[in-house]
file input.cif (mmCIF, C-alpha atoms)
data_entry
loop_
_atom_site.group_PDB
_atom_site.id
_atom_site.type_symbol
_atom_site.label_atom_id
_atom_site.label_comp_id
_atom_site.auth_asym_id
_atom_site.auth_seq_id
_atom_site.Cartn_x
_atom_site.Cartn_y
_atom_site.Cartn_z
ATOM 1 C CA MET A 3 126.496 84.717 106.980
ATOM 2 C CA VAL A 4 123.079 83.129 107.507
ATOM 3 C CA ASN A 5 123.127 79.421 108.232
ATOM 4 C CA PHE A 6 120.733 76.547 107.627
ATOM 5 C CA GLU A 7 120.066 76.019 111.344
ATOM 6 C CA LYS A 8 118.696 79.556 111.708
ATOM 7 C CA ILE A 9 116.083 78.954 108.986
ATOM 8 C CA ILE A 10 114.928 75.549 110.225
ATOM 9 C CA SER A 11 115.089 76.307 113.967
ATOM 10 C CA VAL A 12 111.955 75.632 116.007
ATOM 11 C CA ASP A 13 111.968 79.301 117.073
ATOM 12 C CA ASN A 14 111.951 80.498 113.459
ATOM 13 C CA LEU A 15 109.250 77.992 112.479
ATOM 14 C CA LEU A 16 107.036 79.190 115.357
ATOM 15 C CA LEU A 17 107.591 82.856 114.467
ATOM 16 C CA ALA A 18 106.808 82.013 110.844
ATOM 17 C CA TRP A 19 103.581 80.304 111.966
ATOM 18 C CA LYS A 20 102.563 83.410 113.906
ATOM 19 C CA GLU A 21 102.933 85.518 110.747
ATOM 20 C CA PHE A 22 101.446 82.877 108.454
ATOM 21 C CA ILE A 23 98.224 82.329 110.425
ATOM 22 C CA CYS A 24 97.234 86.025 110.420
ATOM 23 C CA GLY A 25 93.880 86.352 108.672
ATOM 24 C CA LYS A 26 93.638 82.589 108.104
ATOM 25 C CA ARG A 27 92.510 81.268 111.514
ATOM 26 C CA ASN A 28 89.086 80.197 110.256
ATOM 27 C CA ARG A 29 90.383 78.011 107.442
ATOM 28 C CA LYS A 30 89.916 74.297 107.981
ATOM 29 C CA ASP A 31 93.450 73.241 106.936
ATOM 30 C CA MET A 32 94.995 75.856 109.234
ATOM 31 C CA GLN A 33 92.834 74.753 112.186
ATOM 32 C CA GLU A 34 93.766 71.108 111.633
ATOM 33 C CA PHE A 35 97.485 71.970 111.595
ATOM 34 C CA GLN A 36 97.178 74.159 114.701
ATOM 35 C CA LEU A 37 95.379 71.404 116.614
ATOM 36 C CA HIS A 38 98.736 69.599 116.871
ATOM 37 C CA LEU A 39 100.959 72.616 116.256
ATOM 38 C CA MET A 40 104.017 71.616 118.318
ATOM 39 C CA ASP A 41 103.991 68.046 117.016
ATOM 40 C CA ASN A 42 103.755 69.321 113.440
ATOM 41 C CA VAL A 43 106.490 71.918 113.912
ATOM 42 C CA LEU A 44 108.840 69.441 115.616
ATOM 43 C CA SER A 45 108.193 66.868 112.885
ATOM 44 C CA LEU A 46 108.981 69.436 110.165
ATOM 45 C CA HIS A 47 112.104 70.565 112.029
ATOM 46 C CA SER A 48 113.297 66.966 112.383
ATOM 47 C CA ASP A 49 112.787 66.210 108.678
ATOM 48 C CA LEU A 50 114.683 69.352 107.713
ATOM 49 C CA LYS A 51 117.503 68.737 110.182
ATOM 50 C CA ASN A 52 117.958 65.166 108.949
ATOM 51 C CA LYS A 53 117.616 66.271 105.316
ATOM 52 C CA ILE A 54 114.742 63.878 104.653
ATOM 53 C CA TYR A 55 112.219 66.644 103.967
ATOM 54 C CA THR A 56 110.438 66.492 100.636
ATOM 55 C CA HIS A 57 108.042 69.153 99.398
ATOM 56 C CA GLY A 58 104.461 67.966 98.842
ATOM 57 C CA GLY A 59 102.181 68.517 95.878
ATOM 58 C CA TYR A 60 99.921 71.428 94.984
ATOM 59 C CA TYR A 61 96.206 72.113 94.783
ATOM 60 C CA ALA A 62 95.499 74.059 91.578
ATOM 61 C CA PHE A 63 92.658 76.527 91.040
ATOM 62 C CA ASN A 64 91.924 79.498 88.781
ATOM 63 C CA ILE A 65 91.229 83.131 89.606
ATOM 64 C CA SER A 66 90.465 86.079 87.331
ATOM 65 C CA ASP A 67 91.711 89.179 89.122
ATOM 66 C CA PRO A 68 92.161 91.067 86.836
ATOM 67 C CA LYS A 69 93.132 88.455 84.239
ATOM 68 C CA PRO A 70 92.822 84.643 84.397
ATOM 69 C CA ARG A 71 95.585 83.112 86.496
ATOM 70 C CA ASN A 72 96.365 79.554 87.509
ATOM 71 C CA ILE A 73 97.201 79.454 91.240
ATOM 72 C CA HIS A 74 98.967 76.515 92.867
ATOM 73 C CA LYS A 75 98.526 76.160 96.614
ATOM 74 C CA ALA A 76 100.917 74.043 98.675
ATOM 75 C CA THR A 77 100.023 72.202 101.901
ATOM 76 C CA VAL A 78 100.017 74.104 105.196
ATOM 77 C CA ARG A 79 103.239 72.305 106.220
ATOM 78 C CA ASP A 80 105.049 73.429 103.075
ATOM 79 C CA ARG A 81 103.650 76.956 103.223
ATOM 80 C CA LEU A 82 104.874 77.262 106.812
ATOM 81 C CA LEU A 83 108.355 76.388 105.566
ATOM 82 C CA HIS A 84 108.030 79.007 102.796
ATOM 83 C CA HIS A 85 107.355 81.637 105.468
ATOM 84 C CA ALA A 86 110.299 80.429 107.558
ATOM 85 C CA ILE A 87 112.633 80.699 104.548
ATOM 86 C CA TYR A 88 111.226 84.074 103.487
ATOM 87 C CA ARG A 89 111.515 85.782 106.871
ATOM 88 C CA ILE A 90 115.256 84.985 107.061
ATOM 89 C CA LEU A 91 116.315 85.390 103.415
ATOM 90 C CA TYR A 92 114.189 88.360 102.318
ATOM 91 C CA PRO A 93 116.152 91.005 104.320
ATOM 92 C CA ILE A 94 119.449 89.641 102.957
ATOM 93 C CA PHE A 95 118.428 89.805 99.307
ATOM 94 C CA ASP A 96 116.386 93.002 99.574
ATOM 95 C CA LYS A 97 119.597 94.942 100.279
ATOM 96 C CA LYS A 98 120.991 93.730 96.944
ATOM 97 C CA PHE A 99 118.035 94.863 94.831
ATOM 98 C CA ILE A 100 118.036 98.170 92.954
ATOM 99 C CA TYR A 101 116.007 101.036 94.392
ATOM 100 C CA ASP A 102 113.538 101.107 91.503
ATOM 101 C CA SER A 103 112.307 97.517 91.779
ATOM 102 C CA TYR A 104 108.854 97.787 93.375
ATOM 103 C CA SER A 105 107.110 94.397 93.379
ATOM 104 C CA CYS A 106 106.675 92.399 96.625
ATOM 105 C CA ARG A 107 109.053 94.558 98.647
ATOM 106 C CA THR A 108 108.570 96.231 102.021
ATOM 107 C CA GLU A 109 107.707 99.930 101.679
ATOM 108 C CA LYS A 110 107.471 99.697 97.877
ATOM 109 C CA GLY A 111 104.407 98.613 95.841
ATOM 110 C CA THR A 112 102.335 99.996 92.960
ATOM 111 C CA HIS A 113 101.602 103.429 94.459
ATOM 112 C CA LYS A 114 105.287 104.134 95.060
ATOM 113 C CA ALA A 115 106.055 102.913 91.524
ATOM 114 C CA ILE A 116 103.501 105.162 89.802
ATOM 115 C CA ASN A 117 104.649 108.167 91.856
ATOM 116 C CA ARG A 118 108.235 107.434 90.823
ATOM 117 C CA PHE A 119 107.022 107.260 87.210
ATOM 118 C CA ARG A 120 105.469 110.718 87.603
ATOM 119 C CA ASP A 121 108.714 112.093 89.108
ATOM 120 C CA PHE A 122 110.811 110.576 86.313
ATOM 121 C CA HIS A 123 108.494 112.099 83.699
ATOM 122 C CA ARG A 124 108.887 115.565 85.233
ATOM 123 C CA LYS A 125 112.673 115.244 85.170
ATOM 124 C CA VAL A 126 112.924 113.826 81.630
ATOM 125 C CA SER A 127 110.387 116.290 80.176
ATOM 126 C CA LYS A 128 111.947 119.145 82.170
ATOM 127 C CA ASN A 129 108.523 120.006 83.592
ATOM 128 C CA ASN A 130 106.679 119.397 80.312
ATOM 129 C CA THR A 131 108.962 121.556 78.170
ATOM 130 C CA LYS A 132 110.530 118.580 76.293
ATOM 131 C CA THR A 133 109.050 115.479 74.633
ATOM 132 C CA CYS A 134 109.226 112.446 76.930
ATOM 133 C CA TRP A 135 109.275 109.002 75.290
ATOM 134 C CA VAL A 136 108.446 105.860 77.267
ATOM 135 C CA LEU A 137 109.603 102.346 76.449
ATOM 136 C CA LYS A 138 107.111 99.966 78.076
ATOM 137 C CA CYS A 139 107.868 96.223 78.204
ATOM 138 C CA ASP A 140 106.233 93.077 79.525
ATOM 139 C CA ILE A 141 107.684 89.566 79.866
ATOM 140 C CA ARG A 142 105.725 86.709 78.349
ATOM 141 C CA LYS A 143 104.375 84.128 80.855
ATOM 142 C CA PHE A 144 106.822 85.357 83.482
ATOM 143 C CA PHE A 145 106.389 82.873 86.364
ATOM 144 C CA ALA A 146 105.853 79.935 84.002
ATOM 145 C CA ASN A 147 109.209 80.492 82.264
ATOM 146 C CA ILE A 148 111.608 80.862 85.194
ATOM 147 C CA ASP A 149 114.403 78.361 84.530
ATOM 148 C CA HIS A 150 115.269 76.329 87.649
ATOM 149 C CA ASN A 151 118.920 75.721 86.767
ATOM 150 C CA ILE A 152 119.574 79.398 86.058
ATOM 151 C CA LEU A 153 117.816 80.379 89.306
ATOM 152 C CA LYS A 154 119.852 77.874 91.325
ATOM 153 C CA ARG A 155 123.051 79.109 89.684
ATOM 154 C CA ILE A 156 122.181 82.681 90.700
ATOM 155 C CA LEU A 157 121.448 81.537 94.270
ATOM 156 C CA SER A 158 124.753 79.643 94.432
ATOM 157 C CA LYS A 159 126.578 82.974 94.005
ATOM 158 C CA ALA A 160 125.208 84.107 97.384
ATOM 159 C CA THR A 161 127.280 83.235 100.444
ATOM 160 C CA PHE A 162 125.077 80.374 101.613
ATOM 161 C CA ASP A 163 126.051 76.972 102.887
ATOM 162 C CA THR A 164 125.169 73.939 100.758
ATOM 163 C CA ASP A 165 122.315 72.960 103.100
ATOM 164 C CA ILE A 166 120.454 76.210 102.318
ATOM 165 C CA LEU A 167 120.928 75.584 98.599
ATOM 166 C CA TRP A 168 119.578 72.055 99.113
ATOM 167 C CA LEU A 169 116.527 73.468 100.905
ATOM 168 C CA LEU A 170 115.862 76.078 98.218
ATOM 169 C CA SER A 171 116.197 73.377 95.560
ATOM 170 C CA GLN A 172 113.485 71.339 97.322
ATOM 171 C CA VAL A 173 111.121 74.301 97.009
ATOM 172 C CA ILE A 174 112.137 75.304 93.471
ATOM 173 C CA ASP A 175 111.965 71.769 92.044
ATOM 174 C CA SER A 176 108.633 71.005 93.720
ATOM 175 C CA PHE A 177 106.804 72.580 90.783
ATOM 176 C CA SER A 178 106.840 72.526 87.011
ATOM 177 C CA ALA A 179 104.703 74.823 84.883
ATOM 178 C CA ARG A 180 104.748 72.437 81.941
ATOM 179 C CA GLN A 181 103.438 68.919 82.183
ATOM 180 C CA GLY A 182 106.143 66.370 81.501
ATOM 181 C CA LEU A 183 108.898 68.992 81.473
ATOM 182 C CA ALA A 184 110.685 69.483 84.797
ATOM 183 C CA GLY A 185 112.883 72.454 85.595
ATOM 184 C CA VAL A 186 110.756 75.357 84.388
ATOM 185 C CA GLY A 187 108.320 77.641 86.203
ATOM 186 C CA LEU A 188 107.455 78.823 89.722
ATOM 187 C CA PRO A 189 103.967 78.577 91.287
ATOM 188 C CA LEU A 190 102.038 81.825 91.690
ATOM 189 C CA GLY A 191 100.742 80.689 95.091
ATOM 190 C CA ASN A 192 104.087 80.425 96.935
ATOM 191 C CA LEU A 193 105.387 83.252 99.123
ATOM 192 C CA THR A 194 108.918 82.131 98.209
ATOM 193 C CA SER A 195 108.118 82.607 94.509
ATOM 194 C CA GLN A 196 107.760 86.365 95.063
ATOM 195 C CA LEU A 197 111.288 86.535 96.437
ATOM 196 C CA LEU A 198 112.769 84.099 93.923
ATOM 197 C CA VAL A 199 111.485 85.993 90.871
ATOM 198 C CA ASN A 200 112.958 89.219 92.256
ATOM 199 C CA ILE A 201 116.300 87.436 92.737
ATOM 200 C CA TYR A 202 116.030 86.139 89.160
ATOM 201 C CA MET A 203 115.151 89.535 87.687
ATOM 202 C CA ASN A 204 117.765 91.332 89.766
ATOM 203 C CA GLU A 205 120.253 89.964 87.217
ATOM 204 C CA PHE A 206 118.389 91.935 84.557
ATOM 205 C CA ASP A 207 118.016 95.031 86.781
ATOM 206 C CA GLN A 208 121.772 95.097 87.416
ATOM 207 C CA PHE A 209 122.448 94.718 83.676
ATOM 208 C CA VAL A 210 120.141 97.642 82.863
ATOM 209 C CA LYS A 211 121.616 99.889 85.560
ATOM 210 C CA ARG A 212 125.317 98.884 85.479
ATOM 211 C CA GLU A 213 125.954 97.784 81.899
ATOM 212 C CA LEU A 214 123.461 99.888 79.954
ATOM 213 C CA LYS A 215 123.652 102.666 82.581
ATOM 214 C CA VAL A 216 119.965 103.501 82.230
ATOM 215 C CA LYS A 217 118.950 106.296 84.569
ATOM 216 C CA TYR A 218 115.145 106.354 84.379
ATOM 217 C CA TYR A 219 114.132 102.692 84.768
ATOM 218 C CA ILE A 220 111.302 101.233 86.891
ATOM 219 C CA ARG A 221 110.359 97.557 87.237
ATOM 220 C CA TYR A 222 107.326 95.992 88.886
ATOM 221 C CA ALA A 223 107.418 92.177 88.503
ATOM 222 C CA ASP A 224 107.366 91.538 84.740
ATOM 223 C CA ASP A 225 106.391 95.116 83.785
ATOM 224 C CA PHE A 226 109.123 97.685 83.269
ATOM 225 C CA VAL A 227 109.498 101.145 81.754
ATOM 226 C CA ILE A 228 112.349 103.398 80.661
ATOM 227 C CA LEU A 229 111.906 107.129 80.059
ATOM 228 C CA SER A 230 114.030 109.261 77.717
ATOM 229 C CA GLN A 231 113.939 112.317 75.442
ATOM 230 C CA ASP A 232 115.581 110.180 72.723
ATOM 231 C CA LYS A 233 113.365 107.660 70.910
ATOM 232 C CA GLY A 234 116.354 106.211 69.020
ATOM 233 C CA TYR A 235 118.155 105.510 72.305
ATOM 234 C CA LEU A 236 115.146 103.524 73.552
ATOM 235 C CA LYS A 237 115.003 101.479 70.329
ATOM 236 C CA ASN A 238 118.703 100.665 70.691
ATOM 237 C CA ILE A 239 118.568 99.507 74.319
ATOM 238 C CA LEU A 240 115.370 97.538 73.659
ATOM 239 C CA GLU A 241 117.352 95.171 71.422
ATOM 240 C CA LYS A 242 120.100 94.804 74.036
ATOM 241 C CA MET A 243 117.564 94.025 76.752
ATOM 242 C CA LYS A 244 115.785 91.447 74.591
ATOM 243 C CA GLU A 245 119.113 89.766 73.917
ATOM 244 C CA PHE A 246 120.046 89.650 77.608
ATOM 245 C CA LEU A 247 116.670 88.231 78.662
ATOM 246 C CA GLU A 248 116.741 85.525 75.989
ATOM 247 C CA ASN A 249 120.390 84.515 76.346
ATOM 248 C CA LYS A 250 120.928 84.854 80.098
ATOM 249 C CA LEU A 251 117.500 84.222 81.636
ATOM 250 C CA LYS A 252 115.592 82.326 78.907
ATOM 251 C CA LEU A 253 112.791 84.889 79.014
ATOM 252 C CA ASN A 254 111.023 86.633 76.143
ATOM 253 C CA MET A 255 109.246 89.947 75.943
ATOM 254 C CA HIS A 256 105.559 89.806 75.039
ATOM 255 C CA PRO A 257 105.379 90.818 71.338
ATOM 256 C CA ASP A 258 102.021 92.575 71.795
ATOM 257 C CA LYS A 259 102.952 94.433 74.974
ATOM 258 C CA VAL A 260 106.137 96.263 74.006
ATOM 259 C CA PHE A 261 105.835 99.825 72.731
ATOM 260 C CA ILE A 262 107.525 103.224 72.598
ATOM 261 C CA LYS A 263 105.182 106.210 72.858
ATOM 262 C CA THR A 264 104.967 109.698 74.299
ATOM 263 C CA ILE A 265 103.373 110.544 77.624
ATOM 264 C CA VAL A 266 101.041 112.933 75.778
ATOM 265 C CA SER A 267 99.394 109.967 74.022
ATOM 266 C CA GLY A 268 98.845 108.222 77.379
ATOM 267 C CA VAL A 269 100.996 105.411 78.799
ATOM 268 C CA ASP A 270 99.301 102.437 80.458
ATOM 269 C CA PHE A 271 101.448 101.338 83.417
ATOM 270 C CA LEU A 272 100.351 99.420 86.532
ATOM 271 C CA GLY A 273 96.616 99.903 86.060
ATOM 272 C CA TRP A 274 96.747 103.652 85.387
ATOM 273 C CA VAL A 275 96.975 105.562 82.109
ATOM 274 C CA HIS A 276 99.555 108.303 82.624
ATOM 275 C CA PHE A 277 99.428 111.733 80.961
ATOM 276 C CA PRO A 278 101.706 114.776 81.433
ATOM 277 C CA LYS A 279 99.668 116.357 84.228
ATOM 278 C CA HIS A 280 97.338 113.620 85.455
ATOM 279 C CA ARG A 281 96.599 109.895 85.447
ATOM 280 C CA VAL A 282 93.322 108.024 85.062
ATOM 281 C CA LEU A 283 92.331 104.448 85.831
ATOM 282 C CA ARG A 284 92.409 101.968 82.971
ATOM 283 C CA THR A 285 88.860 101.552 81.557
ATOM 284 C CA SER A 286 88.849 97.792 82.215
ATOM 285 C CA THR A 287 89.831 98.436 85.869
ATOM 286 C CA LYS A 288 86.950 100.897 86.303
ATOM 287 C CA ARG A 289 84.460 98.389 84.901
ATOM 288 C CA ARG A 290 85.829 95.605 87.106
ATOM 289 C CA MET A 291 85.539 97.737 90.262
ATOM 290 C CA LEU A 292 81.917 98.672 89.588
ATOM 291 C CA LYS A 293 80.961 95.119 88.602
ATOM 292 C CA ALA A 294 82.565 93.661 91.741
ATOM 293 C CA LEU A 295 80.663 96.074 93.996
ATOM 294 C CA ARG A 296 77.345 95.570 92.194
ATOM 295 C CA ASP A 297 77.624 91.774 92.160
ATOM 296 C CA ASN A 298 78.956 91.334 95.687
ATOM 297 C CA PHE A 299 78.879 94.557 97.704
ATOM 298 C CA LYS A 300 81.269 94.725 100.651
ATOM 299 C CA LYS A 301 81.867 97.871 102.674
ATOM 300 C CA GLU A 302 85.594 97.017 103.041
ATOM 301 C CA SER A 303 85.962 96.665 99.252
ATOM 302 C CA LYS A 304 84.239 100.006 98.705
ATOM 303 C CA GLN A 305 86.621 101.748 101.125
ATOM 304 C CA SER A 306 89.618 100.012 99.568
ATOM 305 C CA TYR A 307 88.622 101.182 96.065
ATOM 306 C CA LEU A 308 88.019 104.753 97.272
ATOM 307 C CA GLY A 309 91.458 104.721 98.891
ATOM 308 C CA MET A 310 93.035 103.530 95.638
ATOM 309 C CA LEU A 311 91.325 106.321 93.663
ATOM 310 C CA LEU A 312 93.085 108.946 95.779
ATOM 311 C CA HIS A 313 96.232 108.159 93.787
ATOM 312 C CA GLY A 314 94.867 109.555 90.519
ATOM 313 C CA ASN A 315 92.183 111.635 88.815
ATOM 314 C CA ALA A 316 88.957 109.671 89.134
ATOM 315 C CA TYR A 317 86.270 112.084 90.416
ATOM 316 C CA LYS A 318 83.394 110.650 88.342
ATOM 317 C CA LEU A 319 84.219 107.056 89.263
ATOM 318 C CA GLU A 320 84.581 108.078 92.917
ATOM 319 C CA GLU A 321 81.060 109.535 92.878
ATOM 320 C CA LYS A 322 79.652 106.363 91.263
ATOM 321 C CA ILE A 323 81.283 104.168 93.923
ATOM 322 C CA LYS A 324 80.114 106.417 96.772
ATOM 323 C CA ALA A 325 76.534 106.060 95.482
ATOM 324 C CA LEU A 326 76.676 102.249 95.731
ATOM 325 C CA GLY A 327 75.618 100.330 98.832
#

call {"tool": "encode", "arguments": {"input": "input.cif", "output": "structure tokens"}}
result
Amino acid sequence: MVNFEKIISVDNLLLAWKEFICGKRNRKDMQEFQLHLMDNVLSLHSDLKNKIYTHGGYYAFNISDPKPRNIHKATVRDRLLHHAIYRILYPIFDKKFIYDSYSCRTEKGTHKAINRFRDFHRKVSKNNTKTCWVLKCDIRKFFANIDHNILKRILSKATFDTDILWLLSQVIDSFSARQGLAGVGLPLGNLTSQLLVNIYMNEFDQFVKRELKVKYYIRYADDFVILSQDKGYLKNILEKMKEFLENKLKLNMHPDKVFIKTIVSGVDFLGWVHFPKHRVLRTSTKRRMLKALRDNFKKESKQSYLGMLLHGNAYKLEEKIKALG
């Protein structure tokens, strides 16, 4: 059983700093913290040990990649703690997650998820000899609707001491997505949020796999798909899943982003439109790639995009990108 002391130890905080600072050495706030690194680490350790630590506020800013998002950035001190918590708790929880959960997990990610989707389609369609239906779902305002009390109740089921639960509560309750209403939402900018939403949604994953006994299910964050030869079966379990999300997790599916369609008609999942024998990039993604390179050309971005295109059928777009720069 992991204990509180292991998370807040000076050794763990220093190892967390080493991971945290990678790629961020030139940032002013990081340089200021590093200038008195040992003093800052010892001060944080002391506050945690004496249980007088309180999480600071957030700096909010917007990004649009690919859609508008409101990011909340914590102070360097708090983000260091997030890394310290994550590096100890992630391996413990990761073992409890289902195989086909792909978001923010080591050796998973979008490419593994879309390849799994392709494999599932081949199995369900029996190599394109049967009709394959896909139920595609999306949760409405996912991060903004995570209920703090439900999350803390889920965490309390793990074999942690009360000090770890106190620490996690400090992080969870440091943010509210709705002004004047505490207890709802996790910030998109926190490393811990990535783990906490997976812990939250693991309740749903286990329900889908153990209770509904769904075989061909893939989830990436708030996007999930189920494949079947039976359209009626998908309609039936859709209602059961909606009920579970609303009653147990206080989450709702996005009314405009839930559909059941065949692979032949093209299924949009994780940035690619999937067909029986190939997949192509979503049109909006293609436009965004080209615009980004034309407006602000970077050789690294070009190589990154070309690498991404290897995962699908995008010869024409590949040629356009190669011609830039």

call {"tool": "closest_atom_pairs", "arguments": {"input": "input.cif", "of": "segment 188-294 of chain A", "to": "segment 105-110 of chain A", "cutoff": "9 Å", "atoms": "all atoms listed in the file", "output": "Markdown table"}}
result
| residue | atom | partner | partner_atom | distance |
| --- | --- | --- | --- | --- |
| A:Gln196 | CA | A:Cys106 | CA | 6.3 |
| A:Leu197 | CA | A:Cys106 | CA | 7.5 |
| A:Asn200 | CA | A:Ser105 | CA | 7.9 |
| A:Arg221 | CA | A:Ser105 | CA | 7.6 |
| A:Tyr222 | CA | A:Ser105 | CA | 4.8 |
| A:Ala223 | CA | A:Ser105 | CA | 5.4 |

call {"tool": "closest_residue", "arguments": {"input": "input.cif", "among": "A:Asp140, A:Phe226, A:Lys301, A:Lys217", "to": "Pro257 of chain A", "atoms": "all atoms listed in the file"}}
result
A:Asp140

call {"tool": "atom_distance", "arguments": {"input": "input.cif", "atom1": "atom CA of Ser267 of chain A", "atom2": "atom CA of Arg290 of chain A"}}
result
23.7 Å

call {"tool": "resolve_selection", "arguments": {"input": "input.cif", "expression": "the PyMOL selection byres ((chain A and resi 130) around 12)", "output": "list in words"}}
result
Arg120, Asp121, Phe122, His123, Arg124, Lys125, Val126, Ser127, Lys128, Asn129, Thr131, Lys132, Thr133, Cys134, Trp135, Gln231, Thr264, Ile265, Val266, Phe277, Pro278 and Lys279 of chain A

call {"tool": "resolve_selection", "arguments": {"input": "input.cif", "expression": "the PyMOL selection byres ((chain A and resi 161-167) around 7)", "output": "JSON, numbers by chain"}}
result
{"A": [3, 4, 5, 6, 158, 159, 160, 168, 169, 170, 171]}

call {"tool": "residues_around", "arguments": {"input": "input.cif", "residues": "Asn254 of chain A", "least_positions_apart": "3", "cutoff": "7 Å", "atoms": "all atoms listed in the file", "output": "compact mmCIF listing (two decimals) with C-alpha atoms, keeping the file's coordinate frame"}}
result
# COMPACT_ATOMS: atom_id res chain seq x y z
CA ILE A 141 107.68 89.57 79.87
CA ARG A 142 105.72 86.71 78.35
CA LYS A 244 115.78 91.45 74.59
CA LEU A 247 116.67 88.23 78.66
CA GLU A 248 116.74 85.52 75.99

call {"tool": "closest_residue", "arguments": {"input": "input.cif", "among": "A:Met203, A:Ile152, A:Leu193, A:Leu183", "to": "Leu82 of chain A", "atoms": "all atoms listed in the file"}}
result
A:Leu193

call {"tool": "residues_around", "arguments": {"input": "input.cif", "residues": "Tyr55 of chain A", "least_positions_apart": "5", "cutoff": "10 Å", "atoms": "only C-alpha atoms", "output": "list in words"}}
result
Ser45, Leu46, His47, Ser48, Asp49, Leu50, Asp80, Leu169 and Gln172 of chain A

call {"tool": "closest_residue", "arguments": {"input": "input.cif", "among": "A:Leu157, A:Leu44, A:Ile116, A:Val269", "to": "Ser103 of chain A", "atoms": "all atoms listed in the file"}}
result
A:Ile116

call {"tool": "residues_near_point", "arguments": {"input": "input.cif", "point": "(111.9, 84.5, 106.8)", "cutoff": "12 Å", "atoms": "all atoms listed in the file", "output": "PyMOL selection string"}}
result
chain A and resi 4+6+8-11+13-22+81-95+193-194+197

call {"tool": "atom_distance", "arguments": {"input": "input.cif", "atom1": "atom CA of Phe145 of chain A", "atom2": "atom CA of Phe35 of chain A"}}
result
28.9 Å

call {"tool": "atom_distance", "arguments": {"input": "input.cif", "atom1": "atom CA of Leu214 of chain A", "atom2": "atom CA of Lys233 of chain A"}}
result
15.6 Å

call {"tool": "closest_residue", "arguments": {"input": "input.cif", "among": "A:Arg79, A:Arg71, A:Lys300, A:Val227", "to": "Arg118 of chain A", "atoms": "all atoms listed in the file"}}
result
A:Val227

call {"tool": "residues_around", "arguments": {"input": "input.cif", "residues": "segment 234-242 of chain A", "least_positions_apart": "2", "cutoff": "9 Å", "atoms": "only C-alpha atoms", "output": "list in words"}}
result
Trp135, Val136, Leu137, Cys139, Val210, Leu214, Val216, Ile228, Leu229, Ser230, Gln231, Asp232, Lys244, Glu245, Phe246, Leu247 and Ile262 of chain A

call {"tool": "closest_residue", "arguments": {"input": "input.cif", "among": "A:Asn192, A:Ser66, A:Gln33, A:Asn117", "to": "Ser176 of chain A", "atoms": "all atoms listed in the file"}}
result
A:Asn192

call {"tool": "residues_near_point", "arguments": {"input": "input.cif", "point": "(109.7, 78.7, 92.1)", "cutoff": "9 Å", "atoms": "all atoms listed in the file", "output": "ChimeraX atom specification"}}
result
/A:145,148-150,153,173-178,186-190,192,194-196,198-199

call {"tool": "axis_aligned_box", "arguments": {"input": "input.cif", "around": "segment 97-108 of chain A", "padding_each_side": "6 Å", "output": "JSON"}}
result
{"center_x": 113.8, "center_y": 96.8, "center_z": 96.8, "size_x": 26.3, "size_y": 20.7, "size_z": 22.5}

call {"tool": "closest_residue", "arguments": {"input": "input.cif", "among": "A:Met255, A:Leu326, A:Ile201, A:Val78", "to": "Asp297 of chain A", "atoms": "all atoms listed in the file"}}
result
A:Leu326

call {"tool": "resolve_selection", "arguments": {"input": "input.cif", "expression": "the PyMOL selection byres ((chain A and resi 72) around 8)", "output": "PyMOL selection string"}}
result
chain A and resi 62-65+70-71+73-74+190
